[in-house]
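S.K.: One file: run_16.txt (compact mmCIF, C-alpha atoms).
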# COMPACT_ATOMS: atom_id res chain seq x y z
CA MET N 1 -1.32 -27.40 61.78
CA ASP N 2 1.82 -29.05 60.44
CA ALA N 3 2.64 -28.57 56.76
CA LEU N 4 5.28 -29.76 54.33
CA LEU N 5 6.91 -28.22 51.29
CA VAL N 6 8.36 -30.98 49.09
CA LEU N 7 10.30 -30.25 45.90
CA GLU N 8 10.40 -32.53 42.89
CA ASP N 9 14.08 -33.31 43.54
CA GLY N 10 13.22 -34.69 46.99
CA ARG N 11 14.22 -31.68 49.12
CA VAL N 12 11.84 -31.36 52.10
CA PHE N 13 11.00 -28.27 54.19
CA PRO N 14 8.73 -28.91 57.20
CA GLY N 15 6.75 -25.96 58.59
CA GLN N 16 3.42 -24.68 59.86
CA SER N 17 0.24 -24.01 57.90
CA PHE N 18 -1.25 -20.52 58.14
CA GLY N 19 -3.56 -20.57 55.12
CA ALA N 20 -6.22 -22.98 53.89
CA PRO N 21 -5.85 -26.72 54.52
CA GLY N 22 -5.10 -29.06 51.62
CA GLU N 23 -2.36 -29.30 49.04
CA ARG N 24 -1.26 -27.25 46.06
CA ILE N 25 1.31 -27.98 43.35
CA GLY N 26 3.18 -25.34 41.37
CA GLU N 27 6.51 -23.96 40.27
CA VAL N 28 8.49 -22.75 43.30
CA VAL N 29 9.96 -19.25 42.83
CA PHE N 30 11.32 -16.61 45.20
CA HIS N 31 10.59 -12.87 45.41
CA THR N 32 13.22 -10.52 46.85
CA GLY N 33 10.97 -7.54 47.55
CA MET N 34 10.92 -6.19 51.10
CA THR N 35 7.32 -4.99 50.92
CA GLY N 36 4.16 -5.48 48.89
CA TYR N 37 3.11 -9.03 49.70
CA GLN N 38 -0.54 -8.25 48.96
CA GLU N 39 0.26 -6.92 45.48
CA ILE N 40 2.42 -9.98 44.86
CA LEU N 41 -0.25 -12.41 46.00
CA THR N 42 -2.89 -10.81 43.77
CA ASP N 43 -0.70 -10.43 40.65
CA PRO N 44 -2.19 -12.82 38.04
CA SER N 45 1.32 -13.37 36.63
CA TYR N 46 1.91 -15.69 39.62
CA CYS N 47 -0.85 -18.10 38.59
CA GLY N 48 0.49 -21.66 38.91
CA GLN N 49 3.39 -20.73 41.19
CA LEU N 50 4.33 -21.29 44.84
CA VAL N 51 5.82 -17.92 45.81
CA THR N 52 8.56 -17.69 48.44
CA MET N 53 9.16 -14.35 50.14
CA THR N 54 12.81 -13.74 51.04
CA ALA N 55 11.84 -10.92 53.43
CA PRO N 56 11.55 -12.78 56.77
CA HIS N 57 8.49 -11.14 58.38
CA ILE N 58 5.23 -11.31 56.44
CA GLY N 59 1.73 -10.32 57.53
CA ASN N 60 2.56 -7.50 59.94
CA THR N 61 0.61 -4.87 57.95
CA GLY N 62 -2.42 -7.09 57.35
CA VAL N 63 -4.40 -6.73 54.12
CA ASN N 64 -6.42 -3.82 52.80
CA ASP N 65 -8.84 -2.80 50.05
CA PHE N 66 -6.38 -0.66 48.09
CA ASP N 67 -3.35 -2.81 47.21
CA PRO N 68 -4.83 -5.83 45.36
CA GLU N 69 -3.80 -6.05 41.70
CA SER N 70 -6.81 -8.24 40.88
CA PHE N 71 -10.01 -9.36 42.55
CA ARG N 72 -8.42 -12.25 44.51
CA PRO N 73 -5.10 -13.93 45.40
CA GLN N 74 -3.73 -15.64 42.29
CA VAL N 75 -0.77 -17.66 43.59
CA ALA N 76 -0.98 -21.43 43.86
CA GLY N 77 0.63 -21.27 47.31
CA PHE N 78 2.61 -18.99 49.63
CA ILE N 79 5.89 -19.68 51.49
CA VAL N 80 7.33 -17.46 54.27
CA ARG N 81 9.88 -17.59 57.06
CA ALA N 82 7.80 -15.99 59.82
CA TYR N 83 4.11 -15.13 59.64
CA SER N 84 2.71 -12.42 61.95
CA GLU N 85 -0.93 -12.80 62.90
CA ALA N 86 -0.74 -9.47 64.73
CA TYR N 87 -0.92 -6.63 62.20
CA SER N 88 -0.83 -2.85 62.38
CA SER N 89 -1.71 -0.40 59.58
CA TRP N 90 -4.25 2.39 59.29
CA ARG N 91 -5.41 0.83 56.01
CA ALA N 92 -5.68 -2.77 57.27
CA ARG N 93 -9.06 -4.52 57.02
CA GLY N 94 -8.02 -7.97 58.22
CA SER N 95 -5.24 -10.52 58.54
CA LEU N 96 -3.30 -12.10 55.70
CA ALA N 97 -4.06 -15.61 56.97
CA GLN N 98 -7.81 -14.98 56.89
CA LEU N 99 -7.58 -13.70 53.31
CA LEU N 100 -5.71 -16.84 52.28
CA ARG N 101 -8.23 -19.09 54.00
CA ASP N 102 -11.14 -17.21 52.42
CA TYR N 103 -9.77 -17.93 48.94
CA GLY N 104 -8.43 -21.45 49.54
CA ILE N 105 -4.74 -20.55 49.26
CA VAL N 106 -2.42 -23.02 50.99
CA ALA N 107 0.48 -21.33 52.84
CA ILE N 108 3.43 -22.50 54.92
CA SER N 109 5.59 -20.63 57.45
CA ASP N 110 8.51 -21.44 59.79
CA ILE N 111 10.75 -22.78 57.05
CA ASP N 112 14.29 -21.72 56.15
CA THR N 113 13.48 -19.51 53.16
CA ARG N 114 17.16 -18.57 52.84
CA ALA N 115 18.13 -22.21 52.30
CA LEU N 116 15.20 -22.68 49.90
CA THR N 117 16.20 -19.61 47.88
CA ARG N 118 19.84 -20.72 47.66
CA HIS N 119 18.71 -24.16 46.52
CA ILE N 120 16.53 -22.71 43.74
CA ARG N 121 19.33 -20.37 42.63
CA THR N 122 21.61 -23.40 42.27
CA ALA N 123 19.23 -26.03 40.93
CA GLY N 124 16.76 -23.74 39.14
CA ALA N 125 13.05 -23.18 39.59
CA MET N 126 11.27 -26.50 40.00
CA ARG N 127 7.91 -27.96 40.79
CA GLY N 128 6.90 -28.41 44.40
CA ILE N 129 3.94 -29.20 46.59
CA ILE N 130 2.66 -27.69 49.85
CA SER N 131 0.53 -30.13 51.83
CA THR N 132 -1.26 -30.24 55.17
CA ASN N 133 -2.77 -33.67 54.51
CA GLY N 134 -0.15 -35.77 56.29
CA GLU N 135 0.79 -37.86 53.24
CA GLU N 136 4.12 -39.62 52.95
CA ILE N 137 7.02 -37.56 51.62
CA ALA N 138 7.62 -40.02 48.78
CA THR N 139 4.00 -39.65 47.66
CA LEU N 140 4.19 -35.86 47.72
CA CYS N 141 7.48 -35.86 45.82
CA ALA N 142 5.95 -38.08 43.13
CA LYS N 143 2.95 -35.74 42.79
CA ALA N 144 5.23 -32.75 42.34
CA GLY N 145 7.29 -34.53 39.70
CA GLN N 146 4.20 -35.56 37.74
CA ALA N 147 2.83 -32.01 37.49
CA PRO N 148 3.23 -30.27 34.10
CA PRO N 149 6.30 -27.98 33.90
CA MET N 150 5.86 -24.27 33.25
CA GLU N 151 7.36 -24.64 29.78
CA GLY N 152 4.52 -25.30 27.36
CA LEU N 153 1.77 -23.99 29.65
CA ASP N 154 -0.71 -21.35 28.48
CA LEU N 155 -2.14 -20.04 31.76
CA THR N 156 -3.54 -16.77 30.44
CA ARG N 157 -6.96 -18.30 29.79
CA GLN N 158 -7.29 -18.93 33.54
CA VAL N 159 -6.79 -15.28 34.53
CA SER N 160 -8.12 -13.22 31.60
CA CYS N 161 -11.41 -11.34 32.01
CA PRO N 162 -14.49 -13.12 30.57
CA GLU N 163 -15.85 -10.04 28.79
CA PRO N 164 -14.82 -6.46 27.94
CA TYR N 165 -15.12 -3.66 30.49
CA SER N 166 -14.17 -0.01 30.89
CA TRP N 167 -11.66 1.34 33.42
CA VAL N 168 -11.61 4.99 34.57
CA GLU N 169 -9.86 4.88 37.96
CA GLY N 170 -6.54 6.70 38.25
CA SER N 171 -3.80 6.56 40.86
CA ALA N 172 -4.21 8.20 44.25
CA PRO N 173 -1.52 9.26 46.72
CA PHE N 174 -2.48 8.16 50.22
CA GLY N 175 -6.11 9.16 50.38
CA PRO N 176 -8.82 6.92 51.83
CA THR N 177 -10.02 5.79 48.39
CA TYR N 178 -8.81 5.81 44.79
CA THR N 179 -11.89 7.84 43.89
CA ASP N 180 -10.17 10.83 45.54
CA ALA N 181 -7.64 10.90 42.69
CA VAL N 182 -7.75 13.80 40.25
CA VAL N 183 -8.18 12.09 36.88
CA PRO N 184 -7.05 14.08 33.82
CA THR N 185 -9.34 14.51 30.85
CA ALA N 186 -9.23 11.41 28.64
CA ARG N 187 -7.64 12.32 25.30
CA TYR N 188 -6.72 8.85 24.08
CA HIS N 189 -8.64 5.60 23.77
CA VAL N 190 -6.51 2.57 24.65
CA VAL N 191 -7.64 -1.03 24.25
CA ALA N 192 -5.86 -3.19 26.83
CA TYR N 193 -5.55 -6.94 26.27
CA ASP N 194 -5.98 -8.81 29.55
CA PHE N 195 -3.61 -11.76 29.84
CA GLY N 196 -3.43 -11.28 33.62
CA LEU N 197 -3.60 -7.50 33.78
CA LYS N 198 -2.57 -5.60 36.92
CA ARG N 199 -4.82 -2.77 38.11
CA THR N 200 -1.89 -0.44 38.73
CA ILE N 201 -1.07 -0.53 35.00
CA LEU N 202 -4.58 0.65 34.19
CA ARG N 203 -4.29 3.46 36.73
CA ARG N 204 -0.99 4.62 35.24
CA LEU N 205 -2.59 4.78 31.79
CA VAL N 206 -5.53 6.77 33.15
CA ASP N 207 -3.04 9.14 34.81
CA GLN N 208 -1.70 9.92 31.34
CA GLY N 209 -5.11 10.87 29.96
CA CYS N 210 -6.21 7.51 28.57
CA ARG N 211 -9.70 6.04 28.44
CA ILE N 212 -9.38 2.28 28.80
CA THR N 213 -11.37 -0.56 27.26
CA VAL N 214 -10.13 -3.90 28.64
CA VAL N 215 -10.75 -6.94 26.42
CA PRO N 216 -10.24 -10.68 26.96
CA GLY N 217 -6.96 -12.13 25.77
CA MET N 218 -8.57 -14.07 22.91
CA THR N 219 -10.25 -11.02 21.33
CA PRO N 220 -9.56 -10.98 17.55
CA ALA N 221 -7.57 -8.11 16.08
CA ALA N 222 -10.48 -7.07 13.85
CA GLU N 223 -12.73 -6.50 16.88
CA VAL N 224 -10.10 -4.33 18.53
CA LEU N 225 -9.48 -2.26 15.39
CA ALA N 226 -13.26 -1.78 15.04
CA LEU N 227 -13.14 0.09 18.37
CA GLN N 228 -10.86 2.66 16.66
CA PRO N 229 -8.33 2.89 19.49
CA ASP N 230 -5.48 5.39 19.57
CA GLY N 231 -3.30 2.63 20.99
CA VAL N 232 -3.26 -1.00 22.12
CA PHE N 233 -1.71 -2.31 25.32
CA TYR N 234 -0.48 -5.90 25.73
CA SER N 235 -0.49 -6.88 29.41
CA ASN N 236 1.52 -9.01 31.79
CA GLY N 237 0.41 -12.56 32.50
CA PRO N 238 1.47 -16.08 33.53
CA GLY N 239 2.83 -19.11 31.72
CA ASP N 240 5.00 -19.76 28.68
CA PRO N 241 4.71 -17.01 26.03
CA ALA N 242 5.54 -19.45 23.24
CA ALA N 243 2.51 -21.53 24.25
CA THR N 244 0.21 -18.49 24.02
CA VAL N 245 0.10 -18.81 20.25
CA TYR N 246 -3.19 -17.00 19.68
CA ALA N 247 -1.88 -13.91 21.49
CA PHE N 248 1.23 -13.26 19.40
CA ARG N 249 -0.58 -14.17 16.17
CA THR N 250 -3.19 -11.53 17.00
CA LEU N 251 -0.41 -9.05 17.74
CA ARG N 252 1.09 -9.64 14.29
CA LYS N 253 -2.22 -8.53 12.78
CA LEU N 254 -2.13 -5.31 14.84
CA LEU N 255 1.47 -4.33 14.14
CA GLY N 256 1.76 -1.22 12.00
CA LYS N 257 -1.95 -0.43 12.28
CA VAL N 258 -1.95 1.16 15.75
CA PRO N 259 0.68 2.09 18.37
CA ILE N 260 1.33 -0.82 20.75
CA PHE N 261 2.93 -0.97 24.20
CA GLY N 262 3.68 -4.27 25.99
CA ILE N 263 4.77 -5.11 29.53
CA CYS N 264 6.21 -8.42 30.82
CA LEU N 265 4.32 -11.21 29.00
CA GLY N 266 3.27 -8.49 26.55
CA HIS N 267 6.97 -7.85 25.90
CA GLN N 268 7.65 -11.53 25.26
CA LEU N 269 4.64 -11.74 22.93
CA MET N 270 5.96 -8.65 21.13
CA GLY N 271 9.29 -10.41 20.58
CA LEU N 272 7.52 -13.47 19.19
CA ALA N 273 5.22 -11.41 16.96
CA LEU N 274 8.24 -9.58 15.49
CA GLY N 275 9.89 -12.89 14.59
CA GLY N 276 12.00 -13.62 17.68
CA LYS N 277 12.08 -16.50 20.14
CA THR N 278 11.76 -16.83 23.92
CA TYR N 279 13.44 -19.16 26.41
CA LYS N 280 13.07 -20.23 30.06
CA LEU N 281 15.31 -18.53 32.63
CA PRO N 282 16.98 -20.71 35.27
CA PHE N 283 15.05 -19.23 38.20
CA GLY N 284 13.44 -16.09 36.79
CA HIS N 285 13.46 -12.49 37.96
CA HIS N 286 11.11 -11.75 40.86
CA GLY N 287 11.81 -8.67 42.95
CA ALA N 288 11.83 -4.88 43.19
CA ASN N 289 15.53 -4.13 42.97
CA HIS N 290 16.73 -5.22 39.51
CA PRO N 291 19.06 -2.78 37.69
CA VAL N 292 18.25 -2.17 34.03
CA ARG N 293 20.20 0.04 31.61
CA TYR N 294 18.28 2.15 29.09
CA LEU N 295 20.70 1.90 26.16
CA PRO N 296 19.82 5.12 24.26
CA THR N 297 20.88 7.28 27.25
CA GLY N 298 22.90 4.91 29.45
CA ARG N 299 20.59 5.70 32.38
CA VAL N 300 20.17 2.92 34.94
CA GLU N 301 16.73 2.19 36.37
CA ILE N 302 15.96 0.16 39.48
CA THR N 303 13.00 -1.95 38.46
CA SER N 304 10.26 -4.25 39.68
CA GLN N 305 10.27 -7.62 37.91
CA ASN N 306 8.27 -10.82 37.77
CA HIS N 307 8.96 -13.22 34.92
CA GLY N 308 10.40 -16.65 34.20
CA PHE N 309 11.00 -16.32 30.44
CA ALA N 310 13.04 -13.92 28.31
CA VAL N 311 13.39 -12.83 24.68
CA ASP N 312 16.41 -14.24 22.83
CA PRO N 313 18.29 -11.23 21.37
CA GLU N 314 20.04 -13.36 18.74
CA SER N 315 16.67 -14.36 17.29
CA LEU N 316 15.38 -10.82 16.72
CA PRO N 317 15.33 -9.39 13.18
CA ALA N 318 17.80 -6.62 12.38
CA ASP N 319 15.10 -3.93 12.30
CA VAL N 320 14.13 -4.62 15.95
CA GLU N 321 16.08 -2.44 18.39
CA VAL N 322 17.02 -3.69 21.86
CA THR N 323 16.46 -0.70 24.18
CA HIS N 324 16.98 -2.10 27.70
CA ILE N 325 19.41 -4.63 29.20
CA ASN N 326 19.35 -6.29 32.63
CA LEU N 327 22.66 -5.51 34.36
CA ASN N 328 22.55 -8.67 36.50
CA ASP N 329 22.53 -11.19 33.67
CA GLN N 330 22.48 -9.16 30.42
CA THR N 331 19.03 -10.43 29.39
CA VAL N 332 16.82 -8.32 27.12
CA GLU N 333 14.56 -5.96 29.08
CA GLY N 334 13.13 -3.83 26.28
CA ILE N 335 12.67 -3.69 22.50
CA ARG N 336 11.08 -1.41 19.93
CA HIS N 337 10.34 -1.23 16.23
CA PRO N 338 10.15 2.45 15.21
CA GLY N 339 8.71 1.70 11.78
CA LEU N 340 5.79 -0.30 13.18
CA GLY N 341 5.16 2.03 16.13
CA CYS N 342 5.55 -0.54 18.91
CA PHE N 343 7.72 -1.00 21.97
CA SER N 344 7.80 -3.17 25.08
CA VAL N 345 9.64 -3.77 28.34
CA GLN N 346 10.17 -6.96 30.32
CA TYR N 347 9.96 -5.31 33.73
CA HIS N 348 7.06 -3.49 35.44
CA PRO N 349 7.18 0.31 35.07
CA GLU N 350 3.91 0.63 37.01
CA ALA N 351 5.86 -0.77 40.00
CA GLY N 352 3.16 -2.13 42.24
CA PRO N 353 5.08 -2.83 44.47
CA GLY N 354 8.45 -1.31 43.70
CA PRO N 355 10.40 1.76 42.54
CA HIS N 356 9.03 4.35 40.12
CA ASP N 357 12.12 4.88 37.98
CA ALA N 358 10.41 3.74 34.79
CA THR N 359 7.04 5.53 34.83
CA TYR N 360 8.29 7.61 31.87
CA LEU N 361 7.35 4.69 29.63
CA PHE N 362 3.65 5.51 30.00
CA ARG N 363 4.41 9.05 28.82
CA ASP N 364 6.36 7.57 25.91
CA PHE N 365 3.28 5.56 24.94
CA VAL N 366 1.14 8.71 24.94
CA THR N 367 3.75 10.53 22.86
CA LEU N 368 3.74 7.66 20.37
CA MET N 369 -0.07 7.74 20.13
CA GLU N 370 -0.02 11.52 19.64
CA SER N 371 2.60 11.30 16.87
CA ARG N 372 0.60 8.71 14.94
CA ARG N 373 -2.83 10.18 15.50
CA VAL N 374 -4.75 10.99 12.31
CA PRO N 375 -5.41 14.75 12.37
CA THR N 376 -8.99 15.89 12.21
CA VAL N 377 -9.68 17.87 8.99
CA ALA N 378 -12.10 20.76 9.35
CA HIS N 379 -14.57 21.02 6.43
CA SER N 380 -16.08 24.36 5.43
CA SER N 381 -19.82 24.49 4.84
CA GLY N 382 -19.43 27.40 2.38
For the structure just supplied, provide its representation as structure tokens.

M.R.:
Amino acid sequence: MDALLVLEDGRVFPGQSFGAPGERIGEVVFHTGMTGYQEILTDPSYCGQLVTMTAPHIGNTGVNDFDPESFRPQVAGFIVRAYSEAYSSWRARGSLAQLLRDYGIVAISDIDTRALTRHIRTAGAMRGIISTNGEEIATLCAKAGQAPPMEGLDLTRQVSCPEPYSWVEGSAPFGPTYTDAVVPTARYHVVAYDFGLKRTILRRLVDQGCRITVVPGMTPAAEVLALQPDGVFYSNGPGDPAATVYAFRTLRKLLGKVPIFGICLGHQLMGLALGGKTYKLPFGHHGANHPVRYLPTGRVEITSQNHGFAVDPESLPADVEVTHINLNDQTVEGIRHPGLGCFSVQYHPEAGPGPHDATYLFRDFVTLMESRRVPTVAHSSG
């Protein structure tokens, strides 16, 4: 089936459909990772986006039951250079195309993803539409231009869990199931806010001896504190952090009362809660090879990233410390406030997919919880 990708500025990329029929509108972004398309597709942070893979061959390992970061694909649409219907992997349970059709995800192949990526790098991320309906290009271009821009959109309500739940599953090496993992004894209770939470983050926390209670993104601070957690985690998620007003206002009420760790959107919300501002990046950071310097030691980490907004360092109060800097464009990649017991990073230390250079941050969170834990006082009965 023929398909078209049309950008809001009139650029047209004809190709072939390999997903569900129909049309989808979203912000067109590109991801530079060589592997991990299933994790990318199921990452709720990509809600509302048409994701372009710069790696040319997609689909050749099929899909499996172990890699999804949520219960379904979350992207608005998928764009690749060459799709492989033939797949080979000992973990595969089916083809990528069938998964996309099952969940109504429109996808296009056989386009020049290199030219598309160069165009976005020059002109910036923009709205686009993938269509298999045979409509006129002018009509499709008008539809793309009329769609709401990412700035001002709160998309977390679309991907957050509807009710609280517990998570006990840890990471596993390459066993047949995650239940084969040896899970350490849970010593800490962490309440994780779900703004589009990835499963790998939860597994990394369990690996560090945490018992997890996941709560919807709109849960009031008082309800979380009533659970008496040792720490609170603020998750990744889609959309404009400045539009997610309820989330950073809730965070302000938690600051100083319990240790807090934030990742990606959670980092941006941390910056806003501490008094800073955020802004839209020209085309965002989406990939698994971004160098980040940890300023206290000078160590460079190769990181997995997926975000379109950043924290403005000039807007941060003097008592907020910038801990990490992106070496590609000098944007803020990490902050902390020692007095309030909170820290956050823009990138993904859980790295699903991606490198594992930054997994130490989960240990840092445990260390912070341990240092601020109220000691139990033994009372004598005599």

S.K.: Taking (6.8, -18.2, 22.5) in the file's coordinates, which residues come within 6 Å, counting only C-alpha atoms, written as a list in words?

M.R.: Pro241, Ala242, Ala243, Leu272 and Thr278 of chain N

S.K.: Report, in Å with one decimal, the straight-line distance from CA of Ala358 (chain N) to CA of Phe195 (chain N).

M.R.: 21.5 Å

S.K.: Can you build me a table of region 263-340 of chain N residues sitting at most 12 Å from region 118-127 of chain N, with the closest atom pair per residue and its distance in Å to one decimal, using only C-alpha atoms, sorted by chain and residue number, as a Markdown table?

M.R.:
| residue | atom | partner | partner_atom | distance |
| --- | --- | --- | --- | --- |
| N:Lys280 | CA | N:Ala125 | CA | 10.0 |
| N:Leu281 | CA | N:Gly124 | CA | 8.5 |
| N:Pro282 | CA | N:Gly124 | CA | 4.9 |
| N:Phe283 | CA | N:Ala125 | CA | 4.6 |
| N:Gly284 | CA | N:Ala125 | CA | 7.6 |
| N:His285 | CA | N:Ala125 | CA | 10.8 |
| N:His286 | CA | N:Ala125 | CA | 11.7 |
| N:His307 | CA | N:Ala125 | CA | 11.7 |
| N:Gly308 | CA | N:Ala125 | CA | 8.9 |
| N:Phe309 | CA | N:Ala125 | CA | 11.6 |

S.K.: To one decimal place in Å, what is the distance between CA of Gly196 (chain N) and CA of Asp43 (chain N)?

M.R.: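 Atom-to-atom, CA of Gly196 (chain N) to CA of Asp43 (chain N), that is 7.6 Å.
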
S.K.: Measuring atom to atom with all atoms listed in the file, identify which of N:Gly339, N:Pro291, N:Gly152, N:Gly19 is nearest to Asp357 (chain N).

M.R.: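 Closest to Asp357 (chain N), using all atoms listed in the file: N:Pro291.
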
S.K.: Between CA of Ile325 (chain N) and CA of Thr54 (chain N), what is the spacing in Å?

M.R.: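 If I compute the distance from CA of Thr54 (chain N) to CA of Ile325 (chain N), I get 24.6 Å.
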
S.K.: Leaving out region 128-134 of chain N and any residue of its chain fewer than 2 positions from it, which residues lie within 9 Å of it when counting all atoms listed in the file, given as a VMD selection string?

M.R.: chain N and resid 1 to 9 16 to 17 20 to 28 50 77 to 79 106 to 108 126 136 to 137 140 to 141 143 to 145 147

S.K.: Find, counting all atoms listed in the file, the residue in N:Gly276, N:Pro338, N:Pro349, N:Pro317 that gets nearest to Gly262 (chain N).

M.R.: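 Going through N:Gly276, N:Pro338, N:Pro349, N:Pro317 one by one, the smallest distance to Gly262 (chain N) is for N:Pro349.
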
S.K.: With a distance cut-off of 8 Å and only C-alpha atoms, select the neighbouring residues of Leu153 (chain N), excluding the residue or stretch itself and same-chain residues fewer than 5 positions from it, and output the selection as a list of chain:residue names.

M.R.: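 Residues near the query, excluding close chain neighbours: N:Pro148, N:Gly239, N:Asp240, N:Ala243.
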
S.K.: What lies within 10 Å of Ala82 (chain N) using all atoms listed in the file, ignoring chain neighbours under 4 positions off, as an mmCIF file with C-alpha atoms, in the frame of the given file?

M.R.:
data_model
loop_
_atom_site.group_PDB
_atom_site.id
_atom_site.type_symbol
_atom_site.label_atom_id
_atom_site.label_comp_id
_atom_site.auth_asym_id
_atom_site.auth_seq_id
_atom_site.Cartn_x
_atom_site.Cartn_y
_atom_site.Cartn_z
ATOM 1 C CA GLN N 16 3.420 -24.680 59.860
ATOM 2 C CA MET N 53 9.160 -14.350 50.140
ATOM 3 C CA ALA N 55 11.840 -10.920 53.430
ATOM 4 C CA PRO N 56 11.550 -12.780 56.770
ATOM 5 C CA HIS N 57 8.490 -11.140 58.380
ATOM 6 C CA ILE N 58 5.230 -11.310 56.440
ATOM 7 C CA GLY N 59 1.730 -10.320 57.530
ATOM 8 C CA ASN N 60 2.560 -7.500 59.940
ATOM 9 C CA ILE N 108 3.430 -22.500 54.920
ATOM 10 C CA SER N 109 5.590 -20.630 57.450
ATOM 11 C CA ASP N 110 8.510 -21.440 59.790
ATOM 12 C CA ILE N 111 10.750 -22.780 57.050
ATOM 13 C CA ASP N 112 14.290 -21.720 56.150
ATOM 14 C CA THR N 113 13.480 -19.510 53.160
#

S.K.: I'd like the contact shell of Asn236 (chain N) - 7 Å cut-off, only C-alpha atoms, skipping same-chain residues fewer than 5 positions apart - returned as a PyMOL selection string.

M.R.: chain N and resi 45+195-197+263-266

S.K.: List as a PyMOL selection string the residues having at least one atom at most 12 Å from position (-10.4, -8.6, 16.9) as given in the file, counting only C-alpha atoms.

M.R.: chain N and resi 191+193+215-229+232+246-247+249-254
